[in-house]
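Raw contents of coords.tsv, TSV, C-alpha atoms:
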chain	number	residue	atom	x	y	z
A	22	MET	CA	-95.50	-40.72	157.50
A	23	ALA	CA	-92.25	-42.70	157.72
A	24	GLY	CA	-90.30	-39.45	157.45
A	25	VAL	CA	-92.24	-37.96	160.36
A	26	GLU	CA	-91.47	-41.05	162.44
A	27	ARG	CA	-87.74	-40.78	161.63
A	28	VAL	CA	-87.68	-37.12	162.71
A	29	GLY	CA	-89.49	-38.08	165.92
A	30	ASP	CA	-86.96	-40.83	166.59
A	31	LEU	CA	-84.08	-38.39	166.00
A	32	LEU	CA	-85.48	-35.87	168.50
A	33	HIS	CA	-86.14	-38.70	170.95
A	34	ARG	CA	-82.57	-39.97	170.72
A	35	THR	CA	-81.11	-36.46	171.01
A	36	ALA	CA	-83.00	-35.89	174.25
A	37	PHE	CA	-81.67	-39.09	175.80
A	38	ARG	CA	-78.11	-38.42	174.66
A	39	THR	CA	-78.33	-35.06	176.41
A	40	LEU	CA	-79.64	-36.78	179.54
A	41	SER	CA	-76.63	-39.11	179.49
A	42	LEU	CA	-74.36	-36.11	180.22
A	43	LEU	CA	-75.42	-36.67	183.83
A	44	GLY	CA	-73.68	-39.21	186.06
A	45	SER	CA	-75.05	-42.72	185.65
A	46	ARG	CA	-77.01	-42.59	188.92
A	47	GLY	CA	-78.52	-39.20	188.09
A	48	GLN	CA	-79.42	-40.46	184.64
A	49	GLY	CA	-81.00	-43.55	186.17
A	50	ALA	CA	-83.09	-41.49	188.60
A	51	LEU	CA	-84.50	-39.35	185.78
A	52	LEU	CA	-85.16	-42.36	183.58
A	53	ARG	CA	-87.04	-43.99	186.46
A	54	ARG	CA	-89.26	-40.92	186.80
A	55	TYR	CA	-89.73	-40.71	183.04
A	56	PHE	CA	-90.89	-44.32	182.69
A	57	ASP	CA	-93.07	-44.21	185.79
A	58	TRP	CA	-94.74	-41.16	184.23
A	59	TRP	CA	-95.26	-42.99	180.93
A	60	HIS	CA	-96.79	-45.93	182.75
A	61	ARG	CA	-99.38	-43.78	184.52
A	62	ASN	CA	-101.78	-45.50	182.11
A	63	PRO	CA	-101.55	-49.22	181.22
A	64	ASP	CA	-99.59	-50.34	178.15
A	65	PRO	CA	-98.65	-46.87	176.84
A	66	TRP	CA	-96.86	-48.32	173.78
A	67	ARG	CA	-99.62	-50.90	173.05
A	68	MET	CA	-97.15	-53.75	173.35
A	69	GLY	CA	-99.96	-56.13	174.23
A	70	THR	CA	-102.14	-55.30	171.24
A	71	ASP	CA	-100.09	-53.76	168.40
A	72	ALA	CA	-99.56	-56.09	165.42
A	73	TYR	CA	-96.03	-54.76	164.83
A	74	GLU	CA	-95.01	-55.60	168.40
A	75	GLN	CA	-96.51	-59.07	168.16
A	76	ALA	CA	-94.63	-59.71	164.90
A	77	LYS	CA	-91.40	-58.52	166.52
A	78	TYR	CA	-91.87	-60.87	169.48
A	79	ALA	CA	-92.46	-63.79	167.12
A	80	ALA	CA	-89.38	-62.90	165.05
A	81	THR	CA	-87.30	-62.65	168.22
A	82	LEU	CA	-88.32	-66.05	169.55
A	83	ALA	CA	-87.77	-67.60	166.11
A	84	GLN	CA	-84.07	-66.62	166.22
A	85	VAL	CA	-83.31	-68.19	169.62
A	86	PRO	CA	-81.08	-71.25	169.11
A	87	GLY	CA	-82.67	-74.51	170.14
A	88	GLY	CA	-81.71	-75.90	173.52
A	89	ARG	CA	-82.73	-76.05	177.16
A	90	TYR	CA	-82.58	-72.76	179.03
A	91	ARG	CA	-82.87	-73.04	182.80
A	92	ARG	CA	-82.47	-69.38	183.71
A	93	ILE	CA	-83.71	-66.52	181.49
A	94	LEU	CA	-83.36	-62.75	181.93
A	95	GLU	CA	-85.30	-60.05	180.09
A	96	VAL	CA	-83.72	-56.59	180.43
A	97	GLY	CA	-86.28	-53.80	180.01
A	98	CYS	CA	-89.31	-56.02	180.52
A	99	SER	CA	-91.77	-53.11	180.93
A	100	GLU	CA	-95.26	-54.45	181.74
A	101	GLY	CA	-94.31	-58.05	181.03
A	102	VAL	CA	-95.89	-58.74	177.65
A	103	PHE	CA	-92.80	-60.53	176.28
A	104	THR	CA	-92.07	-61.92	179.74
A	105	GLY	CA	-95.37	-63.77	179.56
A	106	LEU	CA	-94.41	-65.20	176.18
A	107	LEU	CA	-91.11	-66.42	177.62
A	108	VAL	CA	-92.92	-68.08	180.52
A	109	ASP	CA	-95.10	-69.96	178.03
A	110	ALA	CA	-92.29	-70.77	175.57
A	111	TYR	CA	-89.93	-72.12	178.25
A	112	PRO	CA	-92.11	-73.84	180.86
A	113	GLU	CA	-89.13	-75.39	182.68
A	114	ALA	CA	-87.17	-72.15	183.02
A	115	GLU	CA	-86.92	-69.57	185.77
A	116	VAL	CA	-87.67	-66.21	184.15
A	117	THR	CA	-86.47	-62.86	185.54
A	118	GLY	CA	-87.73	-59.51	184.28
A	119	LEU	CA	-85.68	-56.37	184.93
A	120	ASP	CA	-87.01	-52.83	184.52
A	121	ILE	CA	-86.34	-49.38	185.91
A	122	SER	CA	-90.04	-48.58	186.42
A	123	GLU	CA	-91.73	-50.02	189.50
A	124	ARG	CA	-95.11	-48.98	188.10
A	125	ALA	CA	-94.50	-51.09	184.99
A	126	LEU	CA	-93.33	-54.02	187.11
A	127	ALA	CA	-96.51	-53.93	189.18
A	128	ARG	CA	-98.50	-54.59	186.00
A	129	ALA	CA	-95.97	-57.18	184.86
A	130	ALA	CA	-96.58	-59.06	188.12
A	131	GLU	CA	-100.28	-59.28	187.30
A	132	ARG	CA	-99.53	-60.50	183.79
A	133	VAL	CA	-97.25	-63.36	184.91
A	134	ALA	CA	-99.11	-64.21	188.12
A	135	LYS	CA	-99.92	-67.67	186.76
A	136	ALA	CA	-96.20	-68.49	186.89
A	137	ALA	CA	-95.31	-66.56	190.04
A	138	GLY	CA	-93.38	-69.51	191.43
A	139	ARG	CA	-90.78	-69.35	188.66
A	140	THR	CA	-90.75	-65.66	187.79
A	141	THR	CA	-88.85	-62.83	189.46
A	142	LEU	CA	-89.36	-59.13	188.72
A	143	LEU	CA	-86.59	-56.72	189.71
A	144	ALA	CA	-86.65	-52.92	189.78
A	145	ALA	CA	-83.15	-51.93	188.71
A	146	ASP	CA	-81.08	-49.88	186.29
A	147	LEU	CA	-79.00	-52.00	183.89
A	148	LEU	CA	-76.00	-49.68	184.31
A	149	THR	CA	-75.79	-50.29	188.06
A	150	PHE	CA	-77.42	-53.74	188.29
A	151	THR	CA	-75.54	-56.51	190.08
A	152	SER	CA	-76.60	-60.13	190.22
A	153	GLU	CA	-75.40	-63.27	191.95
A	154	HIS	CA	-76.64	-65.21	188.91
A	155	ARG	CA	-75.63	-65.56	185.31
A	156	TYR	CA	-78.25	-66.51	182.78
A	157	ASP	CA	-78.51	-69.10	180.01
A	158	LEU	CA	-80.58	-66.75	177.86
A	159	VAL	CA	-80.63	-62.93	178.05
A	160	PHE	CA	-82.88	-60.59	176.05
A	161	CYS	CA	-82.48	-56.83	175.66
A	162	ALA	CA	-84.94	-55.17	173.29
A	163	GLU	CA	-85.77	-51.52	172.56
A	164	THR	CA	-83.68	-50.39	175.52
A	165	LEU	CA	-80.14	-49.39	174.62
A	166	TYR	CA	-81.05	-46.17	172.79
A	167	TYR	CA	-82.27	-44.71	176.08
A	168	LEU	CA	-78.72	-44.82	177.46
A	169	GLY	CA	-77.29	-42.17	175.12
A	170	ARG	CA	-73.55	-41.73	174.77
A	171	ARG	CA	-70.78	-44.15	173.81
A	172	ASP	CA	-69.51	-44.62	177.36
A	173	ARG	CA	-72.97	-45.67	178.58
A	174	LEU	CA	-73.43	-48.05	175.66
A	175	ARG	CA	-70.01	-49.54	176.40
A	176	LEU	CA	-70.94	-50.02	180.07
A	177	ALA	CA	-74.34	-51.51	179.20
A	178	SER	CA	-72.71	-53.90	176.74
A	179	ALA	CA	-70.21	-55.01	179.37
A	180	GLN	CA	-73.06	-55.53	181.84
A	181	LEU	CA	-75.04	-57.63	179.37
A	182	THR	CA	-71.97	-59.69	178.54
A	183	ARG	CA	-71.29	-60.40	182.22
A	184	LEU	CA	-74.86	-61.57	182.75
A	185	VAL	CA	-74.55	-64.35	180.16
A	186	ALA	CA	-73.50	-67.72	181.57
A	187	PRO	CA	-70.80	-69.80	179.83
A	188	GLY	CA	-72.46	-71.39	176.82
A	189	GLY	CA	-75.37	-68.94	177.17
A	190	VAL	CA	-77.06	-66.74	174.57
A	191	LEU	CA	-77.67	-62.98	174.33
A	192	VAL	CA	-80.43	-61.64	172.04
A	193	LEU	CA	-80.55	-57.93	171.15
A	194	VAL	CA	-83.50	-56.36	169.31
A	195	HIS	CA	-83.41	-52.72	168.18
A	196	PRO	CA	-84.46	-50.53	165.23
A	197	TRP	CA	-82.47	-50.94	162.02
A	198	PRO	CA	-80.03	-49.50	160.99
A	199	GLU	CA	-79.59	-47.84	164.41
A	200	ALA	CA	-78.88	-51.31	165.81
A	201	ARG	CA	-75.44	-51.15	164.17
A	202	ARG	CA	-74.48	-48.37	166.57
A	203	LEU	CA	-76.29	-49.79	169.58
A	204	HIS	CA	-74.87	-53.31	169.26
A	205	ARG	CA	-71.32	-52.43	168.23
A	206	PHE	CA	-69.71	-52.83	171.67
A	207	VAL	CA	-71.31	-56.24	172.16
A	208	HIS	CA	-70.30	-57.19	168.63
A	209	ALA	CA	-66.69	-56.20	169.36
A	210	GLY	CA	-66.63	-57.98	172.73
A	211	PRO	CA	-65.92	-61.54	173.83
A	212	LEU	CA	-69.27	-63.02	172.76
A	213	SER	CA	-69.42	-64.79	169.40
A	214	PRO	CA	-71.99	-63.58	166.83
A	215	VAL	CA	-74.44	-66.34	165.91
A	216	SER	CA	-76.93	-64.62	163.61
A	217	GLU	CA	-78.43	-61.28	162.65
A	218	VAL	CA	-81.79	-61.00	160.91
A	219	VAL	CA	-83.18	-57.69	159.68
A	220	GLU	CA	-86.96	-57.44	159.39
A	221	ASP	CA	-87.58	-54.52	157.02
A	222	SER	CA	-91.03	-55.26	155.63
A	223	GLY	CA	-92.86	-53.07	158.15
A	224	HIS	CA	-92.97	-49.36	158.88
A	225	ARG	CA	-90.14	-49.57	161.44
A	226	PRO	CA	-87.37	-52.02	160.46
A	227	PHE	CA	-85.59	-53.84	163.27
A	228	SER	CA	-82.83	-56.39	163.70
A	229	VAL	CA	-82.59	-59.45	165.91
A	230	SER	CA	-78.93	-60.08	166.77
A	231	VAL	CA	-77.87	-63.26	168.56
A	232	TYR	CA	-74.57	-63.83	170.40
A	233	GLU	CA	-73.19	-66.80	172.32
A	234	ALA	CA	-70.73	-67.02	175.21
A	235	ARG	CA	-67.99	-69.61	174.99
A	236	ALA	CA	-68.87	-72.68	177.04
A	237	ALA	CA	-66.82	-73.39	180.14
A	238	GLY	CA	-63.73	-75.39	179.25
A	239	SER	CA	-63.91	-74.45	175.57
A	240	THR	CA	-60.62	-73.48	174.00
A	241	GLY	CA	-62.00	-72.28	170.67
A	242	ALA	CA	-60.76	-73.31	167.24
A	243	SER	CA	-57.45	-75.14	167.09

This entry written out as structure tokens:
Amino acid sequence: MAGVERVGDLLHRTAFRTLSLLGSRGQGALLRRYFDWWHRNPDPWRMGTDAYEQAKYAATLAQVPGGRYRRILEVGCSEGVFTGLLVDAYPEAEVTGLDISERALARAAERVAKAAGRTTLLAADLLTFTSEHRYDLVFCAETLYYLGRRDRLRLASAQLTRLVAPGGVLVLVHPWPEARRLHRFVHAGPLSPVSEVVEDSGHRPFSVSVYEARAAGSTGAS
């Protein structure tokens, strides 16, 4: 069964790498249609009910360094399952969810309605997203493999890095060992690696990688 899943993942990745031959805006338009189609029915990946997904969310939150986070961004928030967990875990924070699918965001809005005063949901493509804010804590999970080629991964990594405020934290969560390829441009960039934990006890191993931006005024090691 695991072998069948690996073949499926390979075909999946090949399709999205082919799609990335388009310009970034053309790629974004097709991805938007693709995810809106997937979300024609609620929770198509069972993120709200699947035990594997729940374990991954718990493992992700467990790796976040302690501290106060005033402004949090989740890239690829889908229907807001993890967004809701962030709202509960950080009751003093403003939480923003970003996703390319407006249909998914409509369901996310229902899920986080209890905290509507401190949540923002934005329909946008990471590759072209601009923001007046930088964030103390940024999450990007199960998203980067949709972007395809090296140049798109490099651009996405630069975007994620820019979104992290000085002293802030970036958390990346992707299948292992594919995460080595997906995270390499962040790993080689200006953020400092904090930790990487590989959870390989389940049917689909994944890693949680944590990076930190240098605080304003920091000069590094002397």

Neighbours of segment 178-180 of chain A within 12 Å (only C-alpha atoms; same-chain residues fewer than 6 positions away dropped), as a ChimeraX atom specification? /A:96,146-152,155,159,161,164-165,168,171-172,191-193,202-212,232

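Across A:Val215, A:Leu181, A:Val116, A:Ala129, the tightest approach to Gly69 of chain A is made by A:Ala129 when counting all atoms listed in the file.
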
Which is closer to Arg183 of chain A than all the others in A:Arg132, A:His154, A:Arg89, A:Arg170, using all atoms listed in the file? A:His154

For segment 77-89 of chain A, take all atoms listed in the file, fit an axis-aligned box around them, add 3 Å to each of the six sides, then output centre and edge lengths in Å rounded to one decimal, as AutoDock Vina command-line options.
--center_x -86.8 --center_y -67.3 --center_z 171.1 --size_x 17.4 --size_y 23.5 --size_z 18.1

Go through A:Tyr111, A:Tyr73, A:Trp58, A:Trp66 one by one, measure the shortest atom-to-atom distance of each to Pro226 of chain A using all atoms listed in the file, and give the residue with the smallest value. A:Tyr73

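Summary of the local environment: counting all atoms listed in the file, residues at most 12 Å from Glu123 of chain A, other than itself and those fewer than 5 positions away along its chain, are Leu52, Arg53, Arg54, Tyr55, Phe56, Asp57, Trp58, Trp59, His60, Arg61, Gly97, Cys98, Ser99, Glu100, Gly101, Gly118, Arg128, Ala129, Ala130, Leu142, Leu143, Ala144, Ala145 and Asp146 of chain A.
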